[in-house]
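Okay, so here's the structure we're looking at.
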Amino acid sequence: MRIPDITPTLNMCPEMCLHMPEQGLLVISDVHMGRVQHMRRNGLAIPTAAAQKDLNNLIQVISAYQPQCCLFLGDLFHSLPNSEWPQLFQALESFPHTQFLLITGNHDRFVTHHLPPNWEQHSEWEIDGIRFCHEPSEQAGFEICGHLHPSYSLRGKGRQSLRLPCFWLSDQRLVMPAFSSLAGGYSITPEPGQRIFISNGKIVSEVKIP
């Protein structure tokens, strides 16, 4: 599913990522690696398989799109370093021809001294006039960001509801959904002129806003 009226080079993917094939770029936001171990350390009985599932999904996505550059749009990690961090770095060594960039998110404050030497780290990054940052900003121009974990609730006639992660598009920015399956979601109520694209994990579809 392409983002209409912005640029034909941005492709929203059902795996909660953004593919820019002309730039050889794959954008992934809010992976929150280390969250499971952090929650278990704080007494929550979260199965460790949840972390492995997210890592496996990440590897599958990078393998599928084979980007020249993989840009993590902040909150790649969740908290203090734990056993999930080296597992991630070791897994990404399988892509020696991919450049990895990290936009520093609010959860990434401990990451600087742990990144592999071939990684790049930035507070924001720009390509072809598009600014990439972690949190929404008030700067001029079009930006792509994360941080908010947007989701949208679909409602049926019988009071059924289903909340799905979404891409949230306005004329100033595209807010990406969280890649992490445990990140939760911020329910979006779009304003006039804004657009919502939901993903069920298989397809991306635009929602007809009432």
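Quick note on naming: the chains in the structure tokens go A, B, ... in the order shown, residues restart at 1 in each chain, and ligands are numbered from 1 in order of appearance.
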Contact residues around region 133-135 of chain A with only C-alpha atoms at 8 Å, ignoring same-chain residues under 4 positions, as a PDB file with N, CA and C atoms, in the first residue's frame:
ATOM      1  N   LEU A  73      13.727   3.669  13.913  1.00  0.00           N
ATOM      2  CA  LEU A  73      13.223   5.007  14.159  1.00  0.00           C
ATOM      3  C   LEU A  73      12.984   5.263  15.654  1.00  0.00           C
ATOM      4  N   GLY A  74      13.943   4.863  16.460  1.00  0.00           N
ATOM      5  CA  GLY A  74      13.867   5.133  17.895  1.00  0.00           C
ATOM      6  C   GLY A  74      13.244   4.001  18.691  1.00  0.00           C
ATOM      7  N   ASP A  75      13.631   3.941  19.957  1.00  0.00           N
ATOM      8  CA  ASP A  75      13.186   2.904  20.891  1.00  0.00           C
ATOM      9  C   ASP A  75      13.429   1.500  20.333  1.00  0.00           C
ATOM     10  N   ILE A 103      17.947   6.069  15.055  1.00  0.00           N
ATOM     11  CA  ILE A 103      17.522   7.372  15.546  1.00  0.00           C
ATOM     12  C   ILE A 103      17.267   7.197  17.039  1.00  0.00           C
ATOM     13  N   THR A 104      17.929   7.983  17.860  1.00  0.00           N
ATOM     14  CA  THR A 104      17.844   7.790  19.304  1.00  0.00           C
ATOM     15  C   THR A 104      16.451   8.136  19.814  1.00  0.00           C
ATOM     16  N   GLY A 105      15.815   7.159  20.472  1.00  0.00           N
ATOM     17  CA  GLY A 105      14.513   7.388  21.080  1.00  0.00           C
ATOM     18  C   GLY A 105      14.633   7.606  22.573  1.00  0.00           C
ATOM     19  N   SER A 123      20.338  11.821  16.104  1.00  0.00           N
ATOM     20  CA  SER A 123      19.144  12.344  16.770  1.00  0.00           C
ATOM     21  C   SER A 123      18.001  12.489  15.771  1.00  0.00           C
ATOM     22  N   GLU A 124      18.315  12.765  14.524  1.00  0.00           N
ATOM     23  CA  GLU A 124      17.385  12.743  13.413  1.00  0.00           C
ATOM     24  C   GLU A 124      18.187  12.545  12.131  1.00  0.00           C
ATOM     25  N   TRP A 125      17.504  12.250  11.040  1.00  0.00           N
ATOM     26  CA  TRP A 125      18.195  11.900   9.793  1.00  0.00           C
ATOM     27  C   TRP A 125      17.308  12.323   8.646  1.00  0.00           C
ATOM     28  N   GLU A 143       7.825  14.858   7.835  1.00  0.00           N
ATOM     29  CA  GLU A 143       8.642  13.979   8.666  1.00  0.00           C
ATOM     30  C   GLU A 143       7.970  12.631   8.841  1.00  0.00           C
ATOM     31  N   ILE A 144       8.799  11.637   9.136  1.00  0.00           N
ATOM     32  CA  ILE A 144       8.327  10.300   9.483  1.00  0.00           C
ATOM     33  C   ILE A 144       8.843  10.010  10.885  1.00  0.00           C
ATOM     34  N   CYS A 145       7.938   9.616  11.772  1.00  0.00           N
ATOM     35  CA  CYS A 145       8.317   9.407  13.169  1.00  0.00           C
ATOM     36  C   CYS A 145       7.589   8.199  13.740  1.00  0.00           C
ATOM     37  N   GLY A 146       7.906   7.878  14.991  1.00  0.00           N
ATOM     38  CA  GLY A 146       7.262   6.788  15.708  1.00  0.00           C
ATOM     39  C   GLY A 146       6.775   7.281  17.055  1.00  0.00           C
ATOM     40  N   HIS A 147       7.165   6.558  18.112  1.00  0.00           N
ATOM     41  CA  HIS A 147       6.970   6.958  19.503  1.00  0.00           C
ATOM     42  C   HIS A 147       5.545   6.782  20.018  1.00  0.00           C
ATOM     43  N   LEU A 148       4.524   7.101  19.213  1.00  0.00           N
ATOM     44  CA  LEU A 148       3.151   7.126  19.711  1.00  0.00           C
ATOM     45  C   LEU A 148       2.454   5.770  19.657  1.00  0.00           C
TER      46      LEU A 148
END
field: Expected answer as a VMD selection string: alpha helix (DSSP H) residues in region 9-152 of chain A
entry: chain A and resid 35 to 41 49 to 65 84 to 92
Non-local contacts of Gln66 (chain A) (10 Å; only C-alpha atoms; under 4 positions in same chain excluded) as a PyMOL selection string: chain A and resi 21+24-26+60-62+70+95+97-98
May I have the residues from that selection written out with N, CA and C atoms, as a PDB file, in the first residue's frame?
ATOM      1  N   PRO A  21      11.946   1.523  -1.641  1.00  0.00           N
ATOM      2  CA  PRO A  21      12.818   0.743  -2.529  1.00  0.00           C
ATOM      3  C   PRO A  21      13.769   1.587  -3.361  1.00  0.00           C
ATOM      4  N   GLY A  24      16.589   2.170  -1.265  1.00  0.00           N
ATOM      5  CA  GLY A  24      17.140   0.973  -0.637  1.00  0.00           C
ATOM      6  C   GLY A  24      16.985   0.997   0.869  1.00  0.00           C
ATOM      7  N   LEU A  25      15.889   1.611   1.355  1.00  0.00           N
ATOM      8  CA  LEU A  25      15.730   1.893   2.782  1.00  0.00           C
ATOM      9  C   LEU A  25      14.535   1.142   3.364  1.00  0.00           C
ATOM     10  N   LEU A  26      14.752   0.563   4.535  1.00  0.00           N
ATOM     11  CA  LEU A  26      13.688  -0.061   5.319  1.00  0.00           C
ATOM     12  C   LEU A  26      13.629   0.659   6.659  1.00  0.00           C
ATOM     13  N   GLN A  60      12.961 -11.861   9.703  1.00  0.00           N
ATOM     14  CA  GLN A  60      12.187 -12.199   8.508  1.00  0.00           C
ATOM     15  C   GLN A  60      11.926 -10.969   7.645  1.00  0.00           C
ATOM     16  N   VAL A  61      11.633  -9.847   8.288  1.00  0.00           N
ATOM     17  CA  VAL A  61      11.350  -8.622   7.543  1.00  0.00           C
ATOM     18  C   VAL A  61      12.594  -8.137   6.797  1.00  0.00           C
ATOM     19  N   ILE A  62      13.729  -8.116   7.475  1.00  0.00           N
ATOM     20  CA  ILE A  62      14.957  -7.667   6.820  1.00  0.00           C
ATOM     21  C   ILE A  62      15.340  -8.630   5.694  1.00  0.00           C
ATOM     22  N   CYS A  70      18.935  -0.156   6.902  1.00  0.00           N
ATOM     23  CA  CYS A  70      17.813  -0.393   7.807  1.00  0.00           C
ATOM     24  C   CYS A  70      17.857   0.700   8.873  1.00  0.00           C
ATOM     25  N   PHE A  95      23.420  -9.914   8.214  1.00  0.00           N
ATOM     26  CA  PHE A  95      23.185  -8.999   7.097  1.00  0.00           C
ATOM     27  C   PHE A  95      24.391  -8.075   6.938  1.00  0.00           C
ATOM     28  N   HIS A  97      25.769  -6.804   4.443  1.00  0.00           N
ATOM     29  CA  HIS A  97      25.694  -5.789   3.390  1.00  0.00           C
ATOM     30  C   HIS A  97      24.628  -4.729   3.682  1.00  0.00           C
ATOM     31  N   THR A  98      24.042  -4.770   4.865  1.00  0.00           N
ATOM     32  CA  THR A  98      23.042  -3.788   5.267  1.00  0.00           C
ATOM     33  C   THR A  98      23.648  -2.822   6.278  1.00  0.00           C
TER      34      THR A  98
END
message: List as an NGL selection string the protein and nucleic acid residues near region 110-121 of chain A, meaning an atom at most 7 Å away when only C-alpha atoms are counted, but skip any in the same chain fewer than 3 places from it.
response: :A and (80 or 99-104)
Resulting file, chosen residues, C-alpha atoms, as a PDB file, in the first residue's frame:
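And here's again.pdb as it stands now:
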ATOM      1  CA  LEU A  80      18.823  -1.194  30.758  1.00  0.00           C
ATOM      2  CA  GLN A  99      23.926  -0.511   6.979  1.00  0.00           C
ATOM      3  CA  PHE A 100      22.118  -0.096  10.304  1.00  0.00           C
ATOM      4  CA  LEU A 101      21.139   3.359  11.572  1.00  0.00           C
ATOM      5  CA  LEU A 102      19.492   4.200  14.871  1.00  0.00           C
ATOM      6  CA  ILE A 103      17.522   7.372  15.546  1.00  0.00           C
ATOM      7  CA  THR A 104      17.844   7.790  19.304  1.00  0.00           C
TER       8      THR A 104
END
query: Can you tell me, as an MDAnalysis selection string, what residues are no more than 12 Å from Gly193 (chain A) when counting only C-alpha atoms, ignoring any on the same chain fewer than 4 positions away?
result: chainID A and resid 168:172 189 208:210
query: Which residues come within 9 Å of Cys17 (chain A), counting only C-alpha atoms, excluding same-chain residues fewer than 6 positions away, as an MDAnalysis selection string?
result: chainID A and resid 11 26:29 61 176:179
- prompt: Just asking: which residues within region 88-166 of chain A are strand (DSSP E or B) according to DSSP, as JSON, numbers by chain?
  reply: {"A": [99, 100, 101, 102, 103, 120, 121, 122, 125, 126, 127, 130, 131, 132, 143, 144, 145, 150, 151, 152, 153, 154, 155, 161, 162, 163, 164, 165, 166]}
- request: Please indicate the distance in Å from CA of Glu138 (chain A) to CA of Asn106 (chain A), rounded to one decimal place.
  value: 17.5 Å
